[in-house]
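Student: After the structure tokens below, expect a handful of questions from me.
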Amino acid sequence: MKAVCWTGRNSVEVQEVPDPSLLNSRDAIVKVTSTAICGSDLHLLDGHVPTMQNGDILGHEFMGEVVETGPGLGDDGPRVGDRVVVPFPIACGACAACRAELYSCCENSNPNAGIAERFFGHPTAGIYGYSHLTGGFAGGQAEYARVVFADVNALRIESDLTDEQVLFLSDVLPTGYMAADLCDIQEGEIVAVWGAGAVGQFAMDGARALGAEKVVAIDKEPYRLEMAAAQGYDTVNFDEVDVRSALLELTGGRGPDKCIDAVGMEATHGAAHVRVYDRAKQATRAESDRPHALRQAIMSCRSGGVVSVVGVYGGIVDKLPAGAWMNRSLTLRAGQCPVQKYMKPLLGLIARGKIDPTRVITHRLPLTEAPHGYELFKNKQDGCEKVVLTP
């Protein structure tokens with residue numbers, strides 16, 4: 001089969017690789033009908049996530065048709081012919097974390113748990129196509145994919161909703177919605193969102209759905225800010241104004257009630273000297289992540305507010321304003337999204353027309369043109385917000 005493979009820093013290729021096969025009784029094989037390039041994939045492309053190996057198959061946002069199932073899948077599991085969306089974190093469904101609906105912290109799904117434990121203190125769940133740190137599982141930017149614990153990790157789509165309407169249930173839609181959910185938004189509050197990529201856009205939609213009176217998008221790309229403005233959100237271009245000052249003006253001097261970091265480890269900064277400082281430290285591995293967005297969110301949030309972090313961080317950051325966080329009674333909440341928790345409720349919102357995930361799609365390409373898609377997405381060319389690939 002054809003698959004998109006990581007071949008080194010800033011290099012991906014479409015290669016012929018062996019078809020996946022059933023390895024465990026609860027596996028299923030899915031013929032991929034749609035897959036997407038995620039902002040998190042760029043962290044792999046740029047070499048900021050360790051343990052990638054030449055030939056690793058990328059992709060953690062995918063869906064398709066079940067073509068083979070293991071003998072251990074019961075009546076509740078997927079069957080051949082089912083149309084399914086696959087969540088990016090792999091969950092066993094039975095451990096303490098899964099029983100608490102913390103599926104992204106599953107204790108049983110990462111065969112390389114020892115590596116993750118050395119990085120994070122405790123292991124995390126396995127993730128498709130996301131380095132050997134998270135299990136080394138083959139991803140879904142391919143013609144076929146093996147789905148692990150398929151009875152827990154494959155959501156049946158039993159309606160005539162299109163692939164594009166439901167594909168993002170695999171990651172970016174639940175992740176964005178969770179970012180808002182973690183904020184405990186009260187009616188009439190003001191929410192600021194750093195990053196107007198797909199996750200940021202869905203965080204804005206989630207904030208409004210959960211009762212925010214005003215939502216502010218922070219980015220520097222005009223096409224992203226225009227996409228947010230078209231939905232009725234206020235915008236701040238951090239290349240043109242000081243973010244904290246602009247937010248104080250928008251909030252009567254108090255700061256946003258809730259702040260969302262939807263950027264993560266490769267954030268940029270409007271001030272050249274700050275940007276150069278963190279890029280140099282990251283390049284020399286003196287720190288692994290550039291926390292510009294996180295710093296700004298903490299410093300901008302009103303006292304007693306909540307900072308929600310769903311942008312991916314992989315290791316160590318420098319100059320985190322812990323004093324502001326502690327002395328002003330801020331609550332910091334974060335996590336990889338436990339996608340399985342949110343999939344069915346969000347599917348219902350899509351079916352009722354309350355959320356339109358297709359609004360972020362700007363590019364549709366065949367799988368064979370994935371390297372071009374990565375180039376467009378990484379370099380923000382041609383107004384590229386979200387790329388959907390079709391095998």
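Within each chain, counting starts at residue 1; across the structure tokens, chains are named A, B, ... in the order shown, with ligands numbered 1 upward in that order.
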For range 297-335 of chain A versus range 157-176 of chain A, which residues have an atom no more than 12 Å away, and what is each residue's nearest atom pair and distance in Å rounded to one decimal, using only C-alpha atoms, chain-then-number order, as CSV?
Tutor:
residue,atom,partner,partner_atom,distance
A:Ser308,CA,A:Gly176,CA,10.5
A:Val309,CA,A:Thr175,CA,10.1
A:Val310,CA,A:Thr175,CA,6.9
A:Gly311,CA,A:Thr175,CA,9.2
A:Val312,CA,A:Thr175,CA,10.8
A:Ala334,CA,A:Thr175,CA,10.7
A:Gly335,CA,A:Thr175,CA,9.1
Student: Can you tell me which residues surround Met204 in chain A at a distance of at most 9 Å, considering only C-alpha atoms, apart from same-chain residues fewer than 3 positions away, and format the answer as a VMD selection string?
Tutor: chain A and resid 176 to 177 180 191 to 193 196 199 to 201 207 to 209 215 to 217 228 233
Student: Kindly export the residues of the current selection with N, CA and C atoms, as an mmCIF file, in the first residue's frame.
Tutor:
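Contents of the output file out17.cif:
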data_model
loop_
_atom_site.group_PDB
_atom_site.id
_atom_site.type_symbol
_atom_site.label_atom_id
_atom_site.label_comp_id
_atom_site.auth_asym_id
_atom_site.auth_seq_id
_atom_site.Cartn_x
_atom_site.Cartn_y
_atom_site.Cartn_z
ATOM 1 N N GLY A 176 -10.288 21.063 20.330
ATOM 2 C CA GLY A 176 -10.701 22.453 20.461
ATOM 3 C C GLY A 176 -11.849 22.621 21.432
ATOM 4 N N TYR A 177 -12.832 21.727 21.338
ATOM 5 C CA TYR A 177 -13.973 21.821 22.250
ATOM 6 C C TYR A 177 -13.533 21.592 23.689
ATOM 7 N N ALA A 180 -12.149 24.626 25.474
ATOM 8 C CA ALA A 180 -13.177 25.495 26.040
ATOM 9 C C ALA A 180 -13.835 24.849 27.256
ATOM 10 N N VAL A 191 -13.361 35.178 26.469
ATOM 11 C CA VAL A 191 -12.372 34.119 26.283
ATOM 12 C C VAL A 191 -11.411 34.530 25.175
ATOM 13 N N ALA A 192 -10.117 34.429 25.449
ATOM 14 C CA ALA A 192 -9.084 34.711 24.449
ATOM 15 C C ALA A 192 -8.426 33.403 24.032
ATOM 16 N N VAL A 193 -8.222 33.251 22.731
ATOM 17 C CA VAL A 193 -7.648 32.018 22.187
ATOM 18 C C VAL A 193 -6.377 32.351 21.411
ATOM 19 N N ALA A 196 -5.080 30.615 15.759
ATOM 20 C CA ALA A 196 -6.315 30.523 14.981
ATOM 21 C C ALA A 196 -6.211 29.457 13.906
ATOM 22 N N VAL A 199 -7.513 23.854 15.533
ATOM 23 C CA VAL A 199 -7.858 23.639 16.941
ATOM 24 C C VAL A 199 -8.333 24.946 17.574
ATOM 25 N N GLY A 200 -7.633 26.033 17.293
ATOM 26 C CA GLY A 200 -8.048 27.325 17.829
ATOM 27 C C GLY A 200 -9.434 27.728 17.347
ATOM 28 N N GLN A 201 -9.710 27.501 16.070
ATOM 29 C CA GLN A 201 -11.042 27.832 15.532
ATOM 30 C C GLN A 201 -12.127 27.041 16.258
ATOM 31 N N ALA A 207 -16.129 27.740 22.879
ATOM 32 C CA ALA A 207 -16.316 28.787 23.889
ATOM 33 C C ALA A 207 -17.651 29.485 23.704
ATOM 34 N N ARG A 208 -17.985 29.790 22.461
ATOM 35 C CA ARG A 208 -19.268 30.447 22.213
ATOM 36 C C ARG A 208 -20.433 29.516 22.554
ATOM 37 N N ALA A 209 -20.308 28.241 22.181
ATOM 38 C CA ALA A 209 -21.376 27.281 22.472
ATOM 39 C C ALA A 209 -21.586 27.109 23.976
ATOM 40 N N VAL A 215 -15.380 36.331 22.208
ATOM 41 C CA VAL A 215 -14.248 35.452 21.960
ATOM 42 C C VAL A 215 -13.233 36.214 21.122
ATOM 43 N N VAL A 216 -11.972 36.142 21.534
ATOM 44 C CA VAL A 216 -10.906 36.887 20.864
ATOM 45 C C VAL A 216 -9.896 35.914 20.281
ATOM 46 N N ALA A 217 -9.621 36.041 18.981
ATOM 47 C CA ALA A 217 -8.642 35.210 18.294
ATOM 48 C C ALA A 217 -7.320 35.962 18.193
ATOM 49 N N ALA A 228 -11.608 33.657 11.538
ATOM 50 C CA ALA A 228 -12.215 33.861 12.850
ATOM 51 C C ALA A 228 -13.206 35.023 12.825
ATOM 52 N N TYR A 233 -15.888 36.618 15.685
ATOM 53 C CA TYR A 233 -14.936 36.731 16.792
ATOM 54 C C TYR A 233 -14.064 37.972 16.621
#
Student: Mind pulling up the distance from CA of Asn24 in chain A to CA of Gly129 in chain A?
Tutor: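 Separation of CA of Gly129 in chain A and CA of Asn24 in chain A: 18.4 Å.
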Student: Check the smallest atom-to-atom distance from each of A:Asp234, A:Val307, A:Thr134, A:Ile190 to Gly252 in chain A using only C-alpha atoms, then report the winner.
Tutor: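 Going through A:Asp234, A:Val307, A:Thr134, A:Ile190 one by one, the smallest distance to Gly252 in chain A is for A:Ile190.
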Student: Could you name the residues that touch Val67 in chain A at 12 Å or less, counting only C-alpha atoms, but leaving out those on the same chain fewer than 3 positions away, as an NGL selection string?
Tutor: :A and (20-22 or 27-33 or 64 or 70 or 78-84 or 143-147)
Student: For those residues, write N, CA, C and O atoms to a file as a compact mmCIF listing (two decimals), in the first residue's frame.
Tutor:
# COMPACT_ATOMS: atom_id res chain seq x y z
N PRO A 20 -1.05 -3.41 6.56
CA PRO A 20 -1.16 -3.81 7.97
C PRO A 20 -1.89 -5.14 8.10
O PRO A 20 -2.67 -5.53 7.22
N SER A 21 -1.66 -5.80 9.21
CA SER A 21 -2.34 -7.07 9.48
C SER A 21 -2.82 -7.08 10.92
O SER A 21 -2.36 -6.29 11.76
N LEU A 22 -3.74 -7.97 11.23
CA LEU A 22 -4.23 -8.13 12.60
C LEU A 22 -3.11 -8.71 13.46
O LEU A 22 -2.52 -9.73 13.12
N ASP A 27 -8.08 -6.16 17.31
CA ASP A 27 -7.70 -5.28 16.21
C ASP A 27 -8.77 -5.25 15.12
O ASP A 27 -9.59 -6.19 15.00
N ALA A 28 -8.72 -4.20 14.32
CA ALA A 28 -9.48 -4.14 13.08
C ALA A 28 -8.59 -3.48 12.03
O ALA A 28 -7.72 -2.68 12.35
N ILE A 29 -8.82 -3.82 10.77
CA ILE A 29 -8.13 -3.17 9.66
C ILE A 29 -9.15 -2.28 8.95
O ILE A 29 -10.26 -2.71 8.63
N VAL A 30 -8.73 -1.03 8.75
CA VAL A 30 -9.61 -0.04 8.13
C VAL A 30 -9.03 0.40 6.80
O VAL A 30 -7.83 0.71 6.70
N LYS A 31 -9.86 0.39 5.77
CA LYS A 31 -9.49 1.00 4.49
C LYS A 31 -9.76 2.49 4.61
O LYS A 31 -10.91 2.91 4.77
N VAL A 32 -8.70 3.29 4.61
CA VAL A 32 -8.82 4.71 4.89
C VAL A 32 -9.49 5.42 3.72
O VAL A 32 -9.09 5.25 2.56
N THR A 33 -10.54 6.18 4.02
CA THR A 33 -11.23 6.96 2.99
C THR A 33 -10.90 8.44 3.07
O THR A 33 -10.98 9.15 2.07
N GLY A 64 -12.48 5.55 7.91
CA GLY A 64 -12.62 4.69 6.75
C GLY A 64 -13.59 3.55 6.98
O GLY A 64 -14.43 3.60 7.88
N GLY A 70 -10.65 -8.68 14.25
CA GLY A 70 -10.11 -9.77 15.05
C GLY A 70 -11.20 -10.54 15.75
O GLY A 70 -12.31 -10.03 15.97
N PRO A 78 -16.71 -2.95 16.11
CA PRO A 78 -17.01 -2.71 14.69
C PRO A 78 -17.05 -4.01 13.90
O PRO A 78 -16.41 -5.00 14.27
N ARG A 79 -17.80 -4.00 12.83
CA ARG A 79 -17.93 -5.16 11.96
C ARG A 79 -17.48 -4.78 10.55
O ARG A 79 -17.46 -3.62 10.18
N VAL A 80 -17.15 -5.78 9.77
CA VAL A 80 -16.74 -5.53 8.39
C VAL A 80 -17.85 -4.76 7.68
O VAL A 80 -19.03 -5.10 7.77
N GLY A 81 -17.46 -3.71 6.99
CA GLY A 81 -18.42 -2.86 6.29
C GLY A 81 -18.80 -1.61 7.04
O GLY A 81 -19.36 -0.68 6.44
N ASP A 82 -18.53 -1.56 8.35
CA ASP A 82 -18.86 -0.36 9.13
C ASP A 82 -17.98 0.81 8.70
O ASP A 82 -16.80 0.66 8.37
N ARG A 83 -18.58 1.98 8.73
CA ARG A 83 -17.85 3.23 8.49
C ARG A 83 -17.50 3.81 9.84
O ARG A 83 -18.37 4.01 10.70
N VAL A 84 -16.21 4.09 10.08
CA VAL A 84 -15.77 4.48 11.42
C VAL A 84 -14.81 5.66 11.37
O VAL A 84 -14.08 5.86 10.40
N GLU A 143 -3.24 4.02 2.85
CA GLU A 143 -4.42 3.41 2.24
C GLU A 143 -5.15 2.50 3.22
O GLU A 143 -6.38 2.33 3.11
N TYR A 144 -4.40 1.89 4.15
CA TYR A 144 -5.01 1.03 5.16
C TYR A 144 -4.35 1.31 6.50
O TYR A 144 -3.19 1.75 6.56
N ALA A 145 -5.07 1.05 7.59
CA ALA A 145 -4.51 1.25 8.93
C ALA A 145 -5.03 0.18 9.87
O ALA A 145 -6.18 -0.27 9.76
N ARG A 146 -4.16 -0.21 10.80
CA ARG A 146 -4.57 -1.13 11.87
C ARG A 146 -5.08 -0.30 13.04
O ARG A 146 -4.41 0.60 13.52
N VAL A 147 -6.31 -0.62 13.48
CA VAL A 147 -6.92 0.05 14.63
C VAL A 147 -6.83 -0.89 15.83
O VAL A 147 -7.28 -2.03 15.78
Student: Taking into account only C-alpha atoms, which residue in the set A:Val49, A:Ile90, A:Val66, A:Cys5 is nearest to Glu266 in chain A?
Tutor: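 Ranked by minimum distance to Glu266 in chain A, first place goes to A:Val49.
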